[in-house]
Amino acid sequence: MNKKIAVIKGDGIGPEVVSEAMKVLDKVADKFGHSFEYDQLLMGGCSIDANGVPLTDETIERAKAADAVLMGSIGGNTATSPWYKLPADKRPEAGLLKLRKSLNLFANLRPALLYGELKDACPLKAEIAERGFDMMIMRELTGGLYFGTRKTEEVNGVITATDTLTYNENEIRRIAVRAFDIAMKRRKKVTSVDKANVLDSSRLWRKIVEEVAKDYPEVSYEHMLVDNCAMQLVKDPAQFDVVLTENMFGDILSDEASMITGSIGMLASASLNDTKFGLYEPSGGSAPDIAGQNKANPIATILSAAMLLRYSFDMDKEADAVEAAVAKVLKDGYRTGDIMSEGMKLVSCSGMGDVITENI
Ligand code: NAD
């Protein structure tokens, strides 16, 4: 297959980690008989330096013209970088928000997987970590409380703030369909998380999820209240496969799920629209403290590239090969500084990319 990938390396460690992911993609192309063409684009601080704005219209158009986008991270040291003296809508992060919106990326996927070799980094009790976990948090990204109308006003002499939480059936259906599709590629279980004992939007959420579930007889599903889900994530995370939820619940639960894996440098993410198109990026930021030192952990970005293969290109075998290579190098004891422990082999960012590439 011939595919075009828009590549946004970004700022800080972005160029270092994305270069390693491209090395891995090139090996996949070579081994499985594909051809990947890269269109390298600027966004964030590097675009401010080159173009005066964090994202140009041309960049948006070129990203749209690709089959998928692979991204590093954007932004700099928020205390010292001149980018943060600019008005909020001209700062690096404004570029990312605009890009997500322009590409209609409504479904955010964050896998939370505990590798056997990194169990010591898991902050949960040893017996829970021992059982391991492998879940996908699927968060609605463009609706709900964060996008509703809001106001602060004086009501009868008392300052009062209001945020509105709105979902329509179409917004719920499209993310539910995505979640069930993804469950079909995994262990075929969906846990839909809501607050249906209180919220109307959650009761509609449940109704639509139940309708969508009828089209997926092979997938088992359950509903769970968000407060219970927050507890279950630390009590028995192994029970989850795909966790489907709305924007604010997903914001909080995905951070909780990331935390129990123990390392930010390992966490991939994807944001999808209603076609096969998606934007794939590590969950962490641009890590200005270690940028340019060849020290960053490229695994989150390499696993994001594996998600790109699986969800945008339907290349499941190829994605499996990348994920297996990551598991193998961890088993063989290779570690970047952030996940280093006694007796393991310390490698650089490019060194980690090399050993993963060799194992594909
Ligand atoms: P950060 O995630 O960049 O760094 C937090 C800590 O984690 C640092 O100690 C860093 O060295 C470490 N870390 C992060 N990724 C790592 C990796 N791959 N390997 C090894 N260590 C890693 O968060 P921050 O310091 O709060 O933010 C720095 C900049 O990144 C800010 O400008 C912020 O706005 C931006 N940011 C961008 C994105 C994005 O591009 N999507 C996301 C979050 C933060």
# chains A, B, ... in the order shown; residues from 1 in each chain; ligands from 1
>>> residues_near_ligand(ligand="ligand 1", cutoff="6 Å", atoms="only C-alpha atoms and all ligand atoms", output="ChimeraX atom specification")
/A:73-78,264-265,284-290,296-298,338
>>> write_last_selection(atoms="all heavy atoms", output="compact mmCIF listing (two decimals), in the first residue's frame")
# COMPACT_ATOMS: atom_id res chain seq x y z
N SER A 73 5.60 16.69 19.88
CA SER A 73 4.94 17.55 20.85
C SER A 73 5.32 18.98 20.53
O SER A 73 6.35 19.22 19.91
CB SER A 73 5.42 17.24 22.26
OG SER A 73 5.34 15.87 22.49
N ILE A 74 4.50 19.90 21.01
CA ILE A 74 4.80 21.30 20.74
C ILE A 74 4.91 22.08 22.05
O ILE A 74 4.45 21.61 23.09
CB ILE A 74 3.73 21.93 19.84
CG1 ILE A 74 2.33 21.58 20.38
CG2 ILE A 74 3.84 21.44 18.41
CD1 ILE A 74 1.52 22.77 20.62
N GLY A 75 5.53 23.24 21.96
CA GLY A 75 5.65 24.10 23.15
C GLY A 75 7.06 24.09 23.70
O GLY A 75 7.89 23.26 23.34
N GLY A 76 7.31 25.08 24.58
CA GLY A 76 8.63 25.19 25.20
C GLY A 76 8.49 25.36 26.69
O GLY A 76 7.43 25.06 27.25
N ASN A 77 9.54 25.84 27.30
CA ASN A 77 9.50 26.11 28.73
C ASN A 77 8.56 27.31 28.95
O ASN A 77 8.85 28.42 28.51
CB ASN A 77 10.92 26.42 29.22
CG ASN A 77 10.95 26.63 30.71
OD1 ASN A 77 10.08 27.28 31.28
ND2 ASN A 77 11.96 26.07 31.34
N THR A 78 7.45 27.05 29.63
CA THR A 78 6.41 28.09 29.72
C THR A 78 6.86 29.27 30.59
O THR A 78 6.27 30.35 30.51
CB THR A 78 5.09 27.50 30.27
OG1 THR A 78 5.41 26.74 31.44
CG2 THR A 78 4.42 26.59 29.27
N ILE A 264 5.20 8.44 31.66
CA ILE A 264 4.64 9.28 30.60
C ILE A 264 5.31 8.98 29.24
O ILE A 264 4.70 9.10 28.20
CB ILE A 264 4.77 10.78 30.98
CG1 ILE A 264 4.06 11.70 29.97
CG2 ILE A 264 6.20 11.23 31.13
CD1 ILE A 264 2.64 11.93 30.27
N GLY A 265 6.57 8.56 29.27
CA GLY A 265 7.31 8.32 28.03
C GLY A 265 6.85 7.08 27.27
O GLY A 265 7.32 6.78 26.17
N GLY A 284 2.73 12.74 26.31
CA GLY A 284 3.54 13.72 27.05
C GLY A 284 3.77 15.00 26.26
O GLY A 284 3.32 15.13 25.10
N GLY A 285 4.45 15.94 26.87
CA GLY A 285 4.73 17.22 26.23
C GLY A 285 6.10 17.23 25.57
O GLY A 285 6.68 16.18 25.28
N SER A 286 6.63 18.44 25.36
CA SER A 286 7.87 18.60 24.60
C SER A 286 9.13 18.47 25.47
O SER A 286 10.24 18.59 24.96
CB SER A 286 7.86 19.95 23.89
OG SER A 286 7.78 20.98 24.87
N ALA A 287 8.95 18.24 26.77
CA ALA A 287 10.05 17.99 27.70
C ALA A 287 11.27 18.88 27.46
O ALA A 287 12.36 18.38 27.19
CB ALA A 287 10.44 16.50 27.65
N PRO A 288 11.10 20.21 27.57
CA PRO A 288 12.24 21.11 27.28
C PRO A 288 13.46 20.83 28.15
O PRO A 288 14.59 21.10 27.74
CB PRO A 288 11.69 22.50 27.56
CG PRO A 288 10.26 22.37 27.92
CD PRO A 288 9.87 20.94 27.94
N ASP A 289 13.23 20.22 29.34
CA ASP A 289 14.36 19.94 30.25
C ASP A 289 15.35 18.94 29.68
O ASP A 289 16.52 18.93 30.06
CB ASP A 289 13.84 19.48 31.63
CG ASP A 289 12.85 18.30 31.57
OD1 ASP A 289 12.14 18.18 30.54
OD2 ASP A 289 12.80 17.52 32.53
N ILE A 290 14.91 18.07 28.77
CA ILE A 290 15.85 17.07 28.22
C ILE A 290 15.97 17.19 26.69
O ILE A 290 16.59 16.35 26.05
CB ILE A 290 15.44 15.62 28.60
CG1 ILE A 290 13.98 15.33 28.19
CG2 ILE A 290 15.64 15.38 30.09
CD1 ILE A 290 13.65 13.84 28.22
N ALA A 296 15.44 11.37 25.41
CA ALA A 296 13.99 11.15 25.56
C ALA A 296 13.62 9.71 25.24
O ALA A 296 14.30 9.02 24.46
CB ALA A 296 13.24 12.09 24.62
N ASN A 297 12.54 9.27 25.81
CA ASN A 297 12.01 7.94 25.52
C ASN A 297 11.13 8.04 24.27
O ASN A 297 10.10 8.71 24.29
CB ASN A 297 11.18 7.47 26.73
CG ASN A 297 10.69 6.05 26.58
OD1 ASN A 297 10.73 5.49 25.48
ND2 ASN A 297 10.22 5.46 27.66
N PRO A 298 11.50 7.36 23.18
CA PRO A 298 10.69 7.48 21.95
C PRO A 298 9.54 6.48 21.89
O PRO A 298 8.80 6.44 20.90
CB PRO A 298 11.73 7.17 20.85
CG PRO A 298 12.63 6.16 21.49
CD PRO A 298 12.71 6.52 22.97
N ASP A 338 14.29 7.61 31.71
CA ASP A 338 13.06 7.78 32.50
C ASP A 338 12.52 6.47 33.06
O ASP A 338 11.78 6.49 34.05
CB ASP A 338 11.97 8.44 31.62
CG ASP A 338 11.69 7.66 30.36
OD1 ASP A 338 12.66 7.20 29.71
OD2 ASP A 338 10.52 7.48 30.01
>>> residues_around(residues="Val193 in chain A", least_positions_apart="3", cutoff="10 Å", atoms="only C-alpha atoms", output="compact mmCIF listing (two decimals) with N, CA and C atoms, in the first residue's frame")
# COMPACT_ATOMS: atom_id res chain seq x y z
N VAL A 190 -16.83 -3.48 25.91
CA VAL A 190 -16.93 -2.02 26.08
C VAL A 190 -17.56 -1.72 27.44
N ALA A 196 -25.61 8.38 34.84
CA ALA A 196 -27.03 8.33 34.44
C ALA A 196 -27.97 8.39 35.63
N SER A 202 -26.37 11.89 30.35
CA SER A 202 -25.90 10.52 30.55
C SER A 202 -26.99 9.50 30.22
N TRP A 205 -26.94 9.24 26.64
CA TRP A 205 -25.70 8.51 26.32
C TRP A 205 -25.96 7.00 26.40
N ARG A 206 -26.57 6.54 27.51
CA ARG A 206 -26.87 5.11 27.71
C ARG A 206 -27.78 4.57 26.61
N GLU A 222 -21.15 -3.07 29.12
CA GLU A 222 -21.76 -2.78 30.41
C GLU A 222 -21.76 -1.27 30.59
N HIS A 223 -22.63 -0.80 31.49
CA HIS A 223 -22.62 0.61 31.87
C HIS A 223 -22.01 0.70 33.26
N MET A 224 -21.26 1.77 33.50
CA MET A 224 -20.68 1.95 34.83
C MET A 224 -20.77 3.44 35.19
N LEU A 225 -21.12 3.71 36.41
CA LEU A 225 -21.15 5.12 36.85
C LEU A 225 -19.72 5.62 37.01
N VAL A 226 -19.51 6.90 36.70
CA VAL A 226 -18.14 7.43 36.65
C VAL A 226 -17.43 7.35 38.01
N ASP A 227 -18.17 7.54 39.11
CA ASP A 227 -17.52 7.48 40.42
C ASP A 227 -17.03 6.06 40.70
N ASN A 228 -17.86 5.08 40.31
CA ASN A 228 -17.44 3.69 40.48
C ASN A 228 -16.24 3.39 39.58
N CYS A 229 -16.25 3.91 38.35
CA CYS A 229 -15.15 3.64 37.42
C CYS A 229 -13.82 4.16 37.98
N ALA A 230 -13.87 5.38 38.58
CA ALA A 230 -12.65 5.94 39.17
C ALA A 230 -12.08 5.00 40.24
N VAL A 243 -12.89 1.56 27.39
CA VAL A 243 -13.69 2.39 28.30
C VAL A 243 -14.17 3.59 27.48
N LEU A 244 -15.48 3.67 27.28
CA LEU A 244 -16.06 4.71 26.43
C LEU A 244 -16.71 5.77 27.30
N THR A 245 -16.34 7.04 27.10
CA THR A 245 -16.96 8.06 27.95
C THR A 245 -16.95 9.44 27.33
N GLU A 246 -17.70 10.36 27.95
CA GLU A 246 -17.82 11.71 27.43
C GLU A 246 -16.58 12.55 27.79
N PHE A 249 -15.49 13.43 31.80
CA PHE A 249 -15.17 12.19 32.52
C PHE A 249 -13.90 11.57 31.91
N GLY A 250 -13.81 11.62 30.57
CA GLY A 250 -12.66 11.03 29.88
C GLY A 250 -11.36 11.76 30.18
N LEU A 253 -10.53 10.46 33.77
CA LEU A 253 -10.23 9.02 33.85
C LEU A 253 -8.99 8.66 33.03
>>> atom_distance(atom1="CA of Glu323 in chain A", atom2="CA of Ala65 in chain A")
27.5 Å
>>> residues_around(residues="Ala213 in chain A", least_positions_apart="5", cutoff="12 Å", atoms="only C-alpha atoms", output="CSV table (one decimal) with N, CA, C and O atoms, in the first residue's frame")
chain,number,residue,atom,x,y,z
A,173,ARG,N,-23.6,8.8,19.1
A,173,ARG,CA,-23.6,7.6,18.2
A,173,ARG,C,-22.2,7.5,17.5
A,173,ARG,O,-21.7,6.4,17.5
A,176,ALA,N,-19.7,6.2,19.9
A,176,ALA,CA,-20.0,4.8,20.4
A,176,ALA,C,-19.6,3.8,19.2
A,176,ALA,O,-19.1,2.8,19.5
A,177,VAL,N,-19.9,4.2,18.0
A,177,VAL,CA,-19.6,3.3,16.9
A,177,VAL,C,-18.1,3.1,16.8
A,177,VAL,O,-17.6,1.9,16.7
A,178,ARG,N,-17.3,4.2,17.0
A,178,ARG,CA,-15.9,4.1,17.0
A,178,ARG,C,-15.4,3.1,18.1
A,178,ARG,O,-14.5,2.3,17.9
A,179,ALA,N,-16.0,3.2,19.3
A,179,ALA,CA,-15.6,2.4,20.4
A,179,ALA,C,-15.9,0.9,20.2
A,179,ALA,O,-15.0,0.1,20.5
A,180,PHE,N,-17.0,0.6,19.6
A,180,PHE,CA,-17.4,-0.8,19.4
A,180,PHE,C,-16.5,-1.3,18.2
A,180,PHE,O,-16.0,-2.5,18.3
A,181,ASP,N,-16.2,-0.5,17.2
A,181,ASP,CA,-15.3,-0.9,16.1
A,181,ASP,C,-13.9,-1.3,16.7
A,181,ASP,O,-13.3,-2.3,16.4
A,183,ALA,N,-13.3,-2.1,19.9
A,183,ALA,CA,-13.4,-3.3,20.7
A,183,ALA,C,-13.3,-4.5,19.8
A,183,ALA,O,-12.7,-5.6,20.2
A,184,MET,N,-13.8,-4.5,18.6
A,184,MET,CA,-13.7,-5.6,17.7
A,184,MET,C,-12.3,-6.0,17.4
A,184,MET,O,-12.0,-7.1,17.0
A,188,LYS,N,-13.0,-7.3,22.7
A,188,LYS,CA,-14.5,-7.3,22.5
A,188,LYS,C,-15.3,-7.0,23.7
A,188,LYS,O,-16.3,-7.7,24.0
A,189,LYS,N,-14.8,-6.0,24.5
A,189,LYS,CA,-15.6,-5.6,25.7
A,189,LYS,C,-15.6,-4.1,25.7
A,189,LYS,O,-14.6,-3.4,25.6
A,190,VAL,N,-16.8,-3.5,25.9
A,190,VAL,CA,-16.9,-2.0,26.1
A,190,VAL,C,-17.6,-1.7,27.4
A,190,VAL,O,-18.6,-2.3,27.8
A,191,THR,N,-16.9,-0.9,28.2
A,191,THR,CA,-17.5,-0.3,29.4
A,191,THR,C,-17.9,1.1,29.2
A,191,THR,O,-17.0,1.9,28.9
A,192,SER,N,-19.2,1.4,29.1
A,192,SER,CA,-19.6,2.8,28.9
A,192,SER,C,-19.8,3.5,30.2
A,192,SER,O,-20.5,3.0,31.1
A,206,ARG,N,-26.6,6.5,27.5
A,206,ARG,CA,-26.9,5.1,27.7
A,206,ARG,C,-27.8,4.6,26.6
A,206,ARG,O,-27.6,3.5,26.1
A,207,LYS,N,-28.8,5.3,26.3
A,207,LYS,CA,-29.8,4.9,25.3
A,207,LYS,C,-29.1,4.7,24.0
A,207,LYS,O,-29.3,3.6,23.3
A,208,ILE,N,-28.3,5.6,23.6
A,208,ILE,CA,-27.7,5.5,22.2
A,208,ILE,C,-26.6,4.4,22.2
A,208,ILE,O,-26.5,3.6,21.3
A,218,GLU,N,-21.1,-9.5,18.9
A,218,GLU,CA,-19.9,-10.2,19.4
A,218,GLU,C,-19.3,-9.4,20.6
A,218,GLU,O,-18.4,-9.9,21.3
A,219,VAL,N,-19.6,-8.1,20.7
A,219,VAL,CA,-19.0,-7.3,21.8
A,219,VAL,C,-19.9,-7.3,23.0
A,219,VAL,O,-21.1,-7.0,22.9
A,220,SER,N,-19.3,-7.6,24.2
A,220,SER,CA,-20.1,-7.5,25.4
A,220,SER,C,-20.0,-6.1,25.9
A,220,SER,O,-18.9,-5.4,25.7
A,221,TYR,N,-21.0,-5.6,26.5
A,221,TYR,CA,-20.9,-4.2,27.0
A,221,TYR,C,-21.6,-4.1,28.4
A,221,TYR,O,-22.4,-4.9,28.7
A,222,GLU,N,-21.1,-3.1,29.1
A,222,GLU,CA,-21.8,-2.8,30.4
A,222,GLU,C,-21.8,-1.3,30.6
A,222,GLU,O,-21.0,-0.6,29.9
A,223,HIS,N,-22.6,-0.8,31.5
A,223,HIS,CA,-22.6,0.6,31.9
A,223,HIS,C,-22.0,0.7,33.3
A,223,HIS,O,-22.2,-0.2,34.1
